[in-house]
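One file, final_12.cif, carrying mmCIF, C-alpha atoms:
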data_model
loop_
_atom_site.label_atom_id
_atom_site.label_comp_id
_atom_site.auth_asym_id
_atom_site.auth_seq_id
_atom_site.Cartn_x
_atom_site.Cartn_y
_atom_site.Cartn_z
CA MET A 1 89.39 62.00 101.72
CA ASN A 2 86.96 62.48 98.89
CA PHE A 3 85.70 59.27 97.30
CA PHE A 4 83.69 61.06 94.67
CA SER A 5 86.12 63.54 93.18
CA ARG A 6 86.99 61.40 90.20
CA PHE A 7 83.55 61.64 88.71
CA PHE A 8 83.51 65.40 88.57
CA LYS A 9 85.80 67.40 86.36
CA GLN A 10 88.10 69.35 88.62
CA SER A 11 87.72 73.12 88.53
CA ALA A 12 90.67 75.50 88.41
CA PRO A 13 92.65 75.66 91.72
CA SER A 14 92.54 79.31 93.00
CA ILE A 15 90.57 79.18 96.27
CA SER A 16 89.28 75.70 95.68
CA THR A 17 91.44 74.14 98.37
CA GLU A 18 90.44 76.57 101.10
CA GLU A 19 87.74 75.76 103.61
CA THR A 20 85.51 78.52 102.32
CA SER A 21 81.81 77.95 102.77
CA LYS A 22 81.31 77.60 99.05
CA ASN A 23 83.87 74.81 98.89
CA VAL A 24 82.08 73.03 101.70
CA ALA A 25 78.84 73.48 99.74
CA LYS A 26 80.43 72.05 96.63
CA GLU A 27 81.67 68.91 98.35
CA ARG A 28 78.35 68.36 100.09
CA LEU A 29 76.52 68.77 96.81
CA LYS A 30 78.74 66.31 94.98
CA LEU A 31 78.14 63.75 97.69
CA ALA A 32 74.40 64.36 97.83
CA LEU A 33 74.06 64.20 94.07
CA THR A 34 76.02 60.99 93.79
CA TYR A 35 73.52 59.40 96.12
CA ASP A 36 70.51 61.15 94.52
CA ARG A 37 71.51 60.05 91.03
CA GLY A 38 72.37 56.51 92.00
CA GLY A 39 69.23 55.98 94.02
CA LEU A 40 71.33 54.63 96.88
CA ALA A 41 70.48 54.80 100.52
CA TYR A 42 72.72 57.22 102.34
CA GLY A 43 75.72 55.55 103.88
CA THR A 44 75.62 52.56 101.55
CA ILE A 45 78.92 53.35 99.95
CA GLU A 46 80.70 53.87 103.27
CA GLN A 47 79.32 50.58 104.54
CA LEU A 48 80.36 48.79 101.35
CA ARG A 49 83.82 50.20 101.67
CA ASP A 50 84.31 48.87 105.17
CA GLU A 51 83.02 45.42 104.24
CA ILE A 52 85.11 45.21 101.06
CA ILE A 53 88.23 46.23 102.97
CA ALA A 54 87.57 43.53 105.55
CA VAL A 55 87.13 40.82 102.94
CA ILE A 56 90.12 41.72 100.77
CA ALA A 57 92.37 42.33 103.77
CA LYS A 58 91.90 38.65 104.63
CA HIS A 59 93.68 37.66 101.43
CA LEU A 60 95.85 40.55 100.39
CA ASP A 61 98.01 43.14 102.05
CA ILE A 62 96.22 46.34 101.14
CA SER A 63 96.73 50.01 101.79
CA GLU A 64 93.53 51.03 103.54
CA GLU A 65 94.01 54.80 103.31
CA GLU A 66 94.26 54.73 99.54
CA ILE A 67 91.19 52.67 98.81
CA GLU A 68 88.56 54.34 96.66
CA ILE A 69 85.05 52.97 96.24
CA ASN A 70 82.92 54.88 93.77
CA PHE A 71 79.45 54.57 92.33
CA ASP A 72 79.45 55.46 88.67
CA SER A 73 75.92 56.12 87.51
CA SER A 74 76.93 56.78 83.91
CA ALA A 75 76.76 53.12 82.99
CA GLU A 76 73.32 51.79 82.04
CA TYR A 77 72.77 49.89 85.28
CA GLY A 78 75.22 51.81 87.40
CA LYS A 79 78.66 50.59 88.24
CA LEU A 80 80.53 50.14 91.46
CA ILE A 81 84.22 50.75 90.99
CA ALA A 82 86.81 49.87 93.58
CA SER A 83 90.42 50.88 93.40
CA ILE A 84 92.56 48.97 95.92
CA PRO A 85 96.30 49.57 95.91
CA LEU A 86 98.31 46.69 97.28
CA ARG A 87 101.35 46.92 99.51
CA VAL A 88 104.38 45.40 97.89
CA GLY A 89 107.00 44.10 100.31
CA GLY A 90 106.58 46.94 102.81
CA GLN A 91 107.14 49.65 100.22
CA ARG A 92 104.89 52.71 100.06
CA PRO A 93 102.11 51.76 97.62
CA ARG A 94 101.71 53.77 94.46
CA PRO A 95 98.15 54.73 93.53
CA SER A 96 98.22 52.60 90.39
CA GLU A 97 95.24 50.28 90.44
CA THR A 98 96.27 46.68 90.64
CA SER A 99 92.85 45.35 91.41
CA VAL A 100 89.65 46.72 89.91
CA VAL A 101 86.31 45.11 90.60
CA ASP A 102 83.36 45.91 88.38
CA ALA A 103 80.04 44.96 89.98
CA THR A 104 76.93 45.90 87.99
CA GLU A 105 73.33 45.34 89.00
CA LYS A 106 72.82 42.80 86.23
CA PRO A 107 73.12 39.03 86.94
CA PRO A 108 76.80 38.14 87.41
CA ALA A 109 78.88 37.93 84.27
CA PRO A 110 82.47 36.57 84.24
CA ALA A 111 84.45 39.18 86.14
CA THR A 112 87.11 40.75 83.95
CA PRO A 113 88.91 43.80 85.26
CA PRO A 114 88.09 46.54 82.75
CA ALA A 115 90.54 49.31 81.90
CA GLU A 116 89.81 52.01 84.44
CA SER A 117 88.29 54.90 82.54
CA SER A 118 89.43 58.29 83.65
CA THR A 119 86.86 61.07 83.64
CA SER A 120 89.41 63.85 83.45
CA GLY A 121 88.21 66.77 81.43
CA SER A 122 86.41 64.90 78.68
CA ALA A 123 82.79 65.45 77.63
CA GLN A 124 81.37 65.93 81.08
CA LYS A 125 77.90 65.70 79.59
CA THR A 126 78.21 62.01 78.71
CA SER A 127 78.75 61.06 82.35
CA ARG A 128 75.33 62.53 83.20
CA LYS A 129 73.35 59.85 81.43
CA ARG A 130 71.64 57.74 84.00
CA ARG A 131 68.64 55.59 84.56
CA HIS A 132 65.82 57.01 86.60
CA ARG A 133 63.55 55.05 88.86
CA MET B 1 56.30 80.90 60.71
CA ALA B 2 57.69 77.87 62.51
CA GLY B 3 57.57 78.81 66.16
CA HIS B 4 60.10 77.63 68.71
CA VAL B 5 58.76 76.39 72.04
CA ILE B 6 60.99 77.05 75.05
CA THR B 7 60.04 75.80 78.50
CA VAL B 8 61.54 77.53 81.54
CA THR B 9 61.80 75.25 84.54
CA SER B 10 63.85 74.76 87.70
CA GLY B 11 62.43 72.26 90.15
CA LYS B 12 63.03 74.64 93.01
CA GLY B 13 60.48 77.40 93.56
CA GLY B 14 61.35 81.06 93.73
CA VAL B 15 64.57 80.99 91.68
CA GLY B 16 63.30 83.33 88.99
CA LYS B 17 61.46 81.32 86.31
CA THR B 18 58.54 83.73 86.04
CA THR B 19 60.70 86.84 86.06
CA PHE B 20 62.93 85.23 83.45
CA SER B 21 60.00 84.13 81.27
CA ALA B 22 58.46 87.59 81.38
CA ASN B 23 61.66 89.49 80.70
CA VAL B 24 63.13 87.24 78.01
CA SER B 25 59.77 87.12 76.21
CA ALA B 26 59.73 90.91 76.28
CA ALA B 27 63.31 91.13 75.07
CA LEU B 28 62.55 88.76 72.18
CA ALA B 29 59.46 90.77 71.30
CA GLU B 30 61.48 93.97 71.36
CA LEU B 31 63.88 92.39 68.89
CA GLY B 32 60.93 92.02 66.55
CA LYS B 33 60.00 88.41 67.23
CA LYS B 34 56.30 87.67 67.69
CA THR B 35 56.36 86.10 71.16
CA ILE B 36 53.84 84.62 73.55
CA ALA B 37 54.50 83.78 77.18
CA ILE B 38 52.34 81.03 78.72
CA ASP B 39 51.67 80.61 82.42
CA THR B 40 51.21 76.91 83.25
CA ASP B 41 51.13 77.43 87.02
CA VAL B 42 47.40 76.76 87.21
CA GLY B 43 46.04 77.78 90.58
CA LEU B 44 49.08 79.91 91.51
CA ARG B 45 49.40 82.19 88.55
CA ASN B 46 52.04 84.92 88.60
CA LEU B 47 53.21 85.57 85.07
CA ASP B 48 50.32 88.01 84.61
CA ILE B 49 51.18 90.12 87.63
CA ILE B 50 54.90 90.16 86.87
CA MET B 51 54.14 91.39 83.38
CA GLY B 52 51.72 94.02 84.71
CA LEU B 53 48.81 92.48 82.80
CA GLU B 54 46.82 91.13 85.71
CA ASN B 55 43.83 93.41 85.16
CA ARG B 56 43.34 92.38 81.55
CA ILE B 57 42.60 88.68 81.93
CA VAL B 58 39.33 87.54 80.39
CA PHE B 59 39.99 83.95 79.34
CA ASP B 60 42.80 81.66 80.43
CA LEU B 61 44.60 78.42 79.60
CA VAL B 62 41.98 76.20 81.26
CA ASP B 63 39.19 77.92 79.32
CA VAL B 64 41.05 76.98 76.15
CA VAL B 65 41.71 73.39 77.22
CA GLU B 66 38.09 72.88 78.25
CA GLY B 67 36.75 74.42 75.05
CA ARG B 68 35.07 77.49 76.47
CA CYS B 69 36.95 79.72 74.06
CA ARG B 70 39.19 79.40 71.06
CA LEU B 71 42.90 79.84 71.66
CA PRO B 72 43.38 83.38 70.29
CA LYS B 73 40.55 84.68 72.46
CA ALA B 74 42.64 84.00 75.56
CA PHE B 75 45.67 85.98 74.37
CA ILE B 76 46.46 89.29 76.05
CA ARG B 77 48.41 91.57 73.78
CA ASP B 78 50.84 93.84 75.63
CA LYS B 79 50.09 97.53 75.06
CA ARG B 80 53.76 98.45 75.40
CA LEU B 81 54.89 96.07 72.69
CA SER B 82 52.58 94.73 69.99
CA THR B 83 54.75 91.66 69.41
CA LEU B 84 54.41 90.52 73.04
CA HIS B 85 51.49 88.37 74.20
CA LEU B 86 50.45 86.48 77.32
CA LEU B 87 48.34 83.35 77.76
CA PRO B 88 47.50 83.40 81.45
CA ALA B 89 46.80 80.50 83.80
CA SER B 90 43.58 80.28 85.76
CA GLN B 91 43.62 81.02 89.46
CA ASN B 92 40.73 78.89 90.65
CA ARG B 93 41.66 75.45 89.36
CA ASP B 94 44.76 73.28 89.67
CA LYS B 95 47.26 71.57 87.40
CA THR B 96 45.05 68.52 86.84
CA ALA B 97 42.86 70.72 84.66
CA VAL B 98 45.55 70.60 81.96
CA SER B 99 47.22 67.53 80.44
CA PRO B 100 50.48 67.02 78.55
CA ASP B 101 48.42 66.07 75.46
CA ALA B 102 46.40 69.27 75.67
CA MET B 103 49.63 71.26 75.94
CA GLN B 104 51.08 69.48 72.91
CA LYS B 105 48.04 70.46 70.86
CA ILE B 106 48.22 74.05 72.03
CA CYS B 107 51.93 74.24 71.22
CA THR B 108 51.30 72.89 67.72
CA GLU B 109 48.69 75.56 67.12
CA LEU B 110 50.89 78.30 68.57
CA ARG B 111 53.87 77.34 66.42
CA SER B 112 51.99 78.54 63.36
CA MET B 113 51.21 81.88 64.97
CA PHE B 114 54.35 82.92 66.86
CA ASP B 115 58.13 82.97 66.45
CA PHE B 116 58.69 82.16 70.12
CA ILE B 117 56.52 80.44 72.68
CA VAL B 118 57.93 80.77 76.20
CA ILE B 119 56.33 78.42 78.71
CA ASP B 120 56.69 79.38 82.36
CA CYS B 121 56.73 76.09 84.28
CA PRO B 122 55.58 75.86 87.89
CA ALA B 123 57.89 74.66 90.65
CA GLY B 124 57.93 70.91 91.22
CA ILE B 125 58.22 67.80 89.10
CA GLU B 126 54.62 66.64 89.08
CA ARG B 127 51.75 67.29 86.68
CA GLY B 128 52.52 71.00 86.20
CA PHE B 129 56.06 70.13 85.13
CA GLU B 130 54.86 67.38 82.78
CA ASN B 131 52.35 69.75 81.22
CA ALA B 132 54.96 72.46 80.72
CA ILE B 133 57.61 70.28 79.06
CA ALA B 134 55.26 68.27 76.84
CA GLY B 135 55.53 70.54 73.82
CA ALA B 136 59.02 71.92 74.45
CA ASP B 137 61.59 72.13 71.65
CA GLU B 138 64.15 73.25 74.20
CA VAL B 139 64.28 73.63 77.95
CA ILE B 140 66.00 76.31 79.99
CA ILE B 141 66.81 75.42 83.59
CA ILE B 142 66.93 78.32 86.03
CA THR B 143 69.03 77.85 89.12
CA THR B 144 70.55 80.06 91.78
CA PRO B 145 73.97 79.41 93.35
CA HIS B 146 72.52 77.67 96.40
CA VAL B 147 72.70 74.03 97.45
CA SER B 148 68.94 73.49 97.40
CA ALA B 149 68.37 75.02 93.98
CA ILE B 150 71.27 73.16 92.42
CA ARG B 151 70.17 69.85 93.86
CA ASP B 152 66.67 70.33 92.46
CA ALA B 153 68.06 71.44 89.11
CA ASP B 154 70.06 68.25 88.94
CA ARG B 155 66.94 66.16 89.51
CA VAL B 156 65.08 68.07 86.82
CA ILE B 157 67.94 67.59 84.37
CA GLY B 158 67.72 63.86 85.00
CA LEU B 159 63.98 63.85 84.37
CA LEU B 160 64.41 65.83 81.17
CA GLU B 161 67.04 63.44 79.88
CA ALA B 162 64.73 60.53 80.66
CA ALA B 163 61.98 62.34 78.75
CA GLU B 164 64.45 62.68 75.87
CA LYS B 165 64.48 66.45 75.87
CA GLN B 166 67.91 66.90 74.36
CA GLN B 167 68.22 70.67 74.21
CA ILE B 168 68.83 71.74 77.77
CA ARG B 169 70.61 74.92 78.80
CA LEU B 170 71.26 76.53 82.16
CA VAL B 171 70.80 80.03 83.49
CA VAL B 172 72.37 80.94 86.82
CA ASN B 173 70.28 83.63 88.48
CA ARG B 174 70.88 85.96 91.43
CA LEU B 175 74.65 85.74 91.38
CA GLN B 176 76.32 88.07 93.89
CA ALA B 177 79.82 89.02 92.79
CA ASP B 178 81.02 90.17 96.19
CA MET B 179 79.94 86.94 97.88
CA VAL B 180 81.62 84.93 95.14
CA ARG B 181 84.87 86.87 95.63
CA ARG B 182 84.76 86.18 99.38
CA GLY B 183 84.30 82.47 98.73
CA ASP B 184 80.83 82.49 100.26
CA MET B 185 78.88 81.74 97.11
CA LEU B 186 79.32 79.02 94.52
CA ASP B 187 80.74 80.47 91.35
CA ILE B 188 79.90 79.65 87.76
CA PRO B 189 82.70 77.08 87.29
CA ASP B 190 81.45 75.30 90.44
CA VAL B 191 77.88 75.17 89.18
CA MET B 192 78.98 74.02 85.72
CA GLU B 193 81.15 71.30 87.21
CA ILE B 194 78.25 69.96 89.24
CA LEU B 195 75.42 70.22 86.73
CA ALA B 196 77.35 69.68 83.49
CA VAL B 197 74.89 71.41 81.16
CA ASP B 198 75.58 74.18 78.62
CA LEU B 199 75.37 77.69 80.08
CA LEU B 200 72.97 80.12 78.42
CA GLY B 201 73.51 83.08 80.71
CA ILE B 202 74.15 84.57 84.13
CA ILE B 203 71.86 87.08 85.83
CA PRO B 204 73.25 89.13 88.70
CA GLU B 205 71.30 89.90 91.87
CA ASP B 206 69.56 93.18 91.14
CA GLU B 207 67.30 95.22 93.43
CA TYR B 208 65.57 96.70 90.44
CA ILE B 209 63.77 93.41 89.92
CA VAL B 210 61.76 94.08 93.08
CA VAL B 211 61.04 97.63 91.96
CA SER B 212 60.00 96.53 88.48
CA SER B 213 57.69 93.81 89.75
CA ASN B 214 56.16 96.32 92.20
CA ARG B 215 55.30 98.50 89.24
CA GLY B 216 54.40 95.78 86.77
CA GLU B 217 57.31 96.89 84.61
CA LEU B 218 59.90 94.72 82.89
CA ALA B 219 63.61 95.23 83.53
CA ALA B 220 64.46 94.13 79.99
CA LEU B 221 62.36 96.92 78.47
CA GLN B 222 63.94 99.85 80.29
CA SER B 223 65.89 102.28 78.12
CA THR B 224 68.83 102.16 80.52
CA PRO B 225 68.69 98.56 81.62
CA SER B 226 69.77 97.56 85.10
CA PRO B 227 72.30 94.68 85.37
CA ALA B 228 69.58 92.00 85.33
CA GLY B 229 67.72 93.75 82.53
CA GLN B 230 70.85 93.78 80.42
CA ALA B 231 71.45 90.12 81.17
CA TYR B 232 67.92 89.23 79.98
CA LYS B 233 68.48 91.17 76.78
CA ASN B 234 71.76 89.36 76.19
CA ILE B 235 70.05 86.02 76.71
CA ALA B 236 67.36 86.89 74.17
CA ARG B 237 70.05 87.66 71.63
CA ARG B 238 71.78 84.36 72.37
CA LEU B 239 68.46 82.57 71.82
CA LEU B 240 68.47 84.14 68.37
CA GLY B 241 71.86 82.62 67.71
CA GLU B 242 73.94 85.70 68.34
CA ASP B 243 77.27 85.21 70.07
CA VAL B 244 77.04 87.57 73.05
CA PRO B 245 79.96 87.11 75.42
CA ILE B 246 79.21 86.70 79.11
CA PRO B 247 80.69 89.73 80.93
CA PRO B 248 83.27 89.01 83.66
CA LEU B 249 81.99 88.68 87.21
CA GLY B 250 80.82 91.93 88.75
CA ASN B 251 81.69 94.01 85.71
CA SER B 252 78.23 95.12 84.58
CA ARG B 253 77.15 95.64 88.17
CA GLY B 254 80.28 97.61 89.08
CA LEU B 255 79.95 99.76 85.99
CA PHE B 256 76.29 100.47 86.67
CA LYS B 257 77.09 101.45 90.26
CA ARG B 258 79.93 103.70 89.20
CA LEU B 259 77.81 105.41 86.57
CA ALA B 260 74.96 105.85 89.04
CA SER B 261 77.25 107.43 91.63
CA ILE B 262 78.74 109.76 89.00
CA PHE B 263 75.28 111.02 88.05
CA LYS B 264 74.16 111.26 91.68
CA SER B 265 76.99 113.58 92.73
CA HIS B 266 75.98 116.21 90.14
#

Can you present the structure in this file as structure tokens?
Amino acid sequence: MNFFSRFFKQSAPSISTEETSKNVAKERLKLALTYDRGGLAYGTIEQLRDEIIAVIAKHLDISEEEIEINFDSSAEYGKLIASIPLRVGGQRPRPSETSVVDATEKPPAPATPPAESSTSGSAQKTSRKRRHR
Amino acid sequence: MAGHVITVTSGKGGVGKTTFSANVSAALAELGKKTIAIDTDVGLRNLDIIMGLENRIVFDLVDVVEGRCRLPKAFIRDKRLSTLHLLPASQNRDKTAVSPDAMQKICTELRSMFDFIVIDCPAGIERGFENAIAGADEVIIITTPHVSAIRDADRVIGLLEAAEKQQIRLVVNRLQADMVRRGDMLDIPDVMEILAVDLLGIIPEDEYIVVSSNRGELAALQSTPSPAGQAYKNIARRLLGEDVPIPPLGNSRGLFKRLASIFKSH
């Protein structure tokens, strides 16, 4: 399960799904760079994920396997984006996001679920812009 | 003459900045552009020895910065190519001897004297890096297809963006076609996906680079260029705005090998 795939434009298939060493390298790099760029301590996102699941599971019936928590460093102060599919009456949940939480590092503003922006294919360069400490 | 200042950096050491700076400067000079290569690795100079000019140093960058000589006095003009010059670093000081302001002033003066100013940046992101990028009009990042080099390149790209250096292009060095085909080396699409910066060129792994540096020769100046030499020449032409297509993986290398084996068997 790769939490970070959405923030990198996907390369052409070919041998990209095989467990070749270069594919392992690529996934490790994406993970390392997400943390490097965001200035986060390693493991923060995994910890956040577990805690968010625990809190939301108290109130809603959620599909744990399909949860995605991502740190998007393209926004000015960084952005934590959670995608949490809900179970509807026992049916298999579709990956459409029904609950999106946008937590920035600025003082809390009224939480409005923004339209989830897809990073597919478009100007990859713009997603690089980030704040450096 | 409004010179263009290009800084060659990487973050990671040993990925080929100096070899690139030397060879692309030579290729530009061979195309008729008055070019100077500057070594900013004060204390660990290498551009001189890669260019085969190590026994001609009289004055260096620190002498200029500290006012012991005027700028042109420190130039070494290459005897092979009158349009190619070197401004060497000093070997017995360190990077604190030079400041970003001093480099800005030197770049301003050099812009009126040269078409291209190629600044070889030291490894790291400290003072040497700040000195080297201060006067840059554009920055070329050198990386190899390895996790460590790519991670460092990413950090450098971030620092350059923060320093508002907008023109950033990437060169992937030491690519090995056979390893890429086996899935044991990151390929160009992988590197581009991760770093997300425009690609200037690809340089294949090439044993001749060792041979040329042993001899103080430049791969880009050989009459029958090796794969890396040809890649440097192509990059120089791209820097001049020419649209030189990037050859498919392994092509130039395979062709060179095949030609070499044809000539050997006769």

Hey, could you make a per-residue contact list for chain B against chain A with 6 Å as the cut-off, showing the nearest pair of atoms and its distance in Å to one decimal, counting only C-alpha atoms, sorted by chain and number, as a tab-separated table?
residue	atom	partner	partner_atom	distance
B:Gly183	CA	A:Thr20	CA	5.5
B:Asp184	CA	A:Lys22	CA	5.1
B:Met185	CA	A:Lys22	CA	5.2
B:Leu186	CA	A:Lys22	CA	5.1
B:Ala196	CA	A:Lys125	CA	5.6

| request: Do a neighbour search on B:Lys12 at 8 Å with only C-alpha atoms, toss out local chain neighbours closer than 4 positions, and write the hits as a ChimeraX atom specification. | output: /B:123-124,143,148-149,152-153

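For the pair atom CA of B:Thr9 and atom CA of B:Leu31, the interatomic distance is 23.3 Å.
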
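Applied to the file shown here, the PyMOL selection byres ((chain B and resi 219-231) around 7) selects B:Asn23, B:Ala26, B:Ala27, B:Ile202, B:Ile203, B:Pro204, B:Asp206, B:Tyr208, B:Ile209, B:Ser212, B:Glu217, B:Leu218, B:Tyr232, B:Lys233, B:Asn234, B:Ile235, B:Ser252, B:Arg253.
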
| message | Counting all atoms listed in the file, find residues at most 9 Å from (72.3, 79.4, 81.5) (file frame) and give them as a list in words. | response |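 Here is the list of nearby residues: Ile140, Ile141, Ile142, Thr143, Arg169, Leu170, Val171, Val172, Asn173, Val197, Asp198, Leu199, Leu200, Gly201, Ile202, Ile203 and Ile235 of chain B.
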
| field | Nearest residue to B:Ala102 from the set B:Ile76, B:Pro88, B:Val15, B:Val62 (distances using all atoms listed in the file) | value |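 Of all the options, B:Val62 lies closest to B:Ala102.
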
| Mind telling me what the PyMOL selection byres ((chain B and resi 64) around 12) catches here, as a PyMOL selection string? | chain B and resi 58-63+65-75+87-90+97-98+102-103+105-106+109

| task | Go ahead and compute the interatomic distance for atom CA of B:Gly216 and atom CA of B:Met51, in Å to one decimal. | result | 5.6 Å

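Across the model, the gap from atom CA of B:Thr18 to atom CA of B:Ile168 is 17.8 Å.
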
Once 4 Å is added on each side, what centre and edge lengths in Å to one decimal does the axis-aligned box around all listed atoms of stretch 82-97 of chain B have, as JSON?
{"center_x": 47.7, "center_y": 81.6, "center_z": 80.0, "size_x": 22.0, "size_y": 34.2, "size_z": 29.2}

| Residues within 10 Å of A:Leu60, all atoms listed in the file, excluding chain neighbours under 6 positions, as a list in words | Ile53, Leu86 and Arg87 of chain A

| If we count only C-alpha atoms, what is near B:Phe116 at a cut-off of 6 Å, once residues fewer than 3 positions away on the same chain are taken out, given as a list in words? |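 Listed by chain and then number, they are Gly3, His4 and Thr35 of chain B.
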
Restrict the selected residues to C-alpha atoms and save them as a PDB file, in the coordinates of the input.
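Contents of selection-v8.pdb, as written:
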ATOM      1  CA  GLY B   3      57.570  78.810  66.160  1.00  0.00           C
ATOM      2  CA  HIS B   4      60.100  77.630  68.710  1.00  0.00           C
ATOM      3  CA  THR B  35      56.360  86.100  71.160  1.00  0.00           C
TER       4      THR B  35
END

| request: May I have the residues within 10 Å of B:Leu249 as a list in words, using only C-alpha atoms and disregarding those fewer than 4 positions away in the same chain? | output: Leu175, Gln176, Ala177, Asp178, Val180, Arg181, Asp187, Ile188, Ile202, Pro204, Arg253 and Gly254 of chain B

Output C-alpha atoms for every residue in the selection just made, as a short mmCIF file (atom, residue, chain, number, x, y, z; two decimals), in the frame of the given file.
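Once written, result_31.cif looks like this:
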data_model
loop_
_atom_site.label_atom_id
_atom_site.label_comp_id
_atom_site.auth_asym_id
_atom_site.auth_seq_id
_atom_site.Cartn_x
_atom_site.Cartn_y
_atom_site.Cartn_z
CA LEU B 175 74.65 85.74 91.38
CA GLN B 176 76.32 88.07 93.89
CA ALA B 177 79.82 89.02 92.79
CA ASP B 178 81.02 90.17 96.19
CA VAL B 180 81.62 84.93 95.14
CA ARG B 181 84.87 86.87 95.63
CA ASP B 187 80.74 80.47 91.35
CA ILE B 188 79.90 79.65 87.76
CA ILE B 202 74.15 84.57 84.13
CA PRO B 204 73.25 89.13 88.70
CA ARG B 253 77.15 95.64 88.17
CA GLY B 254 80.28 97.61 89.08
#

| task | Determine the nearest neighbour of A:Ser63 from the options A:Tyr35, A:Arg49, A:Ile81, A:Val88, counting only C-alpha atoms. | result |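 Among A:Tyr35, A:Arg49, A:Ile81, A:Val88, it is A:Val88 that comes nearest to A:Ser63.
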
Saving stretch 61-66 of chain A with all heavy atoms, as a tab-separated table (two decimals), in the first residue's frame, what would that file be?
chain	number	residue	atom	x	y	z
A	61	ASP	N	-18.46	4.30	10.26
A	61	ASP	CA	-18.01	2.99	9.82
A	61	ASP	C	-17.09	3.17	8.62
A	61	ASP	O	-17.56	3.52	7.53
A	61	ASP	CB	-19.25	2.14	9.44
A	61	ASP	CG	-18.89	0.68	9.27
A	61	ASP	OD1	-17.73	0.31	9.55
A	61	ASP	OD2	-19.79	-0.08	8.85
A	62	ILE	N	-15.81	3.00	8.84
A	62	ILE	CA	-14.87	3.30	7.76
A	62	ILE	C	-14.16	2.05	7.26
A	62	ILE	O	-14.09	1.04	7.94
A	62	ILE	CB	-13.81	4.34	8.20
A	62	ILE	CG1	-13.07	3.85	9.44
A	62	ILE	CG2	-14.47	5.68	8.44
A	62	ILE	CD1	-11.97	4.79	9.89
A	63	SER	N	-13.65	2.18	6.05
A	63	SER	CA	-12.92	1.08	5.43
A	63	SER	C	-11.43	1.32	5.66
A	63	SER	O	-10.79	2.12	4.97
A	63	SER	CB	-13.23	1.05	3.93
A	63	SER	OG	-12.31	0.24	3.26
A	64	GLU	N	-10.88	0.62	6.64
A	64	GLU	CA	-9.50	0.93	7.05
A	64	GLU	C	-8.46	0.71	5.96
A	64	GLU	O	-7.50	1.46	5.84
A	64	GLU	CB	-9.13	0.08	8.27
A	64	GLU	CG	-9.75	0.60	9.55
A	64	GLU	CD	-9.14	-0.05	10.79
A	64	GLU	OE1	-7.94	-0.39	10.74
A	64	GLU	OE2	-9.87	-0.22	11.79
A	65	GLU	N	-8.66	-0.33	5.14
A	65	GLU	CA	-7.63	-0.65	4.13
A	65	GLU	C	-7.51	0.43	3.07
A	65	GLU	O	-6.51	0.55	2.40
A	65	GLU	CB	-7.94	-1.97	3.42
A	65	GLU	CG	-8.28	-3.13	4.34
A	65	GLU	CD	-9.74	-3.09	4.73
A	65	GLU	OE1	-10.59	-3.10	3.81
A	65	GLU	OE2	-10.03	-3.02	5.93
A	66	GLU	N	-8.61	1.20	2.89
A	66	GLU	CA	-8.57	2.15	1.77
A	66	GLU	C	-8.30	3.58	2.20
A	66	GLU	O	-8.43	4.52	1.44
A	66	GLU	CB	-9.89	2.06	0.98
A	66	GLU	CG	-9.99	0.69	0.30
A	66	GLU	CD	-11.21	0.57	-0.58
A	66	GLU	OE1	-11.55	1.57	-1.24
A	66	GLU	OE2	-11.82	-0.51	-0.58
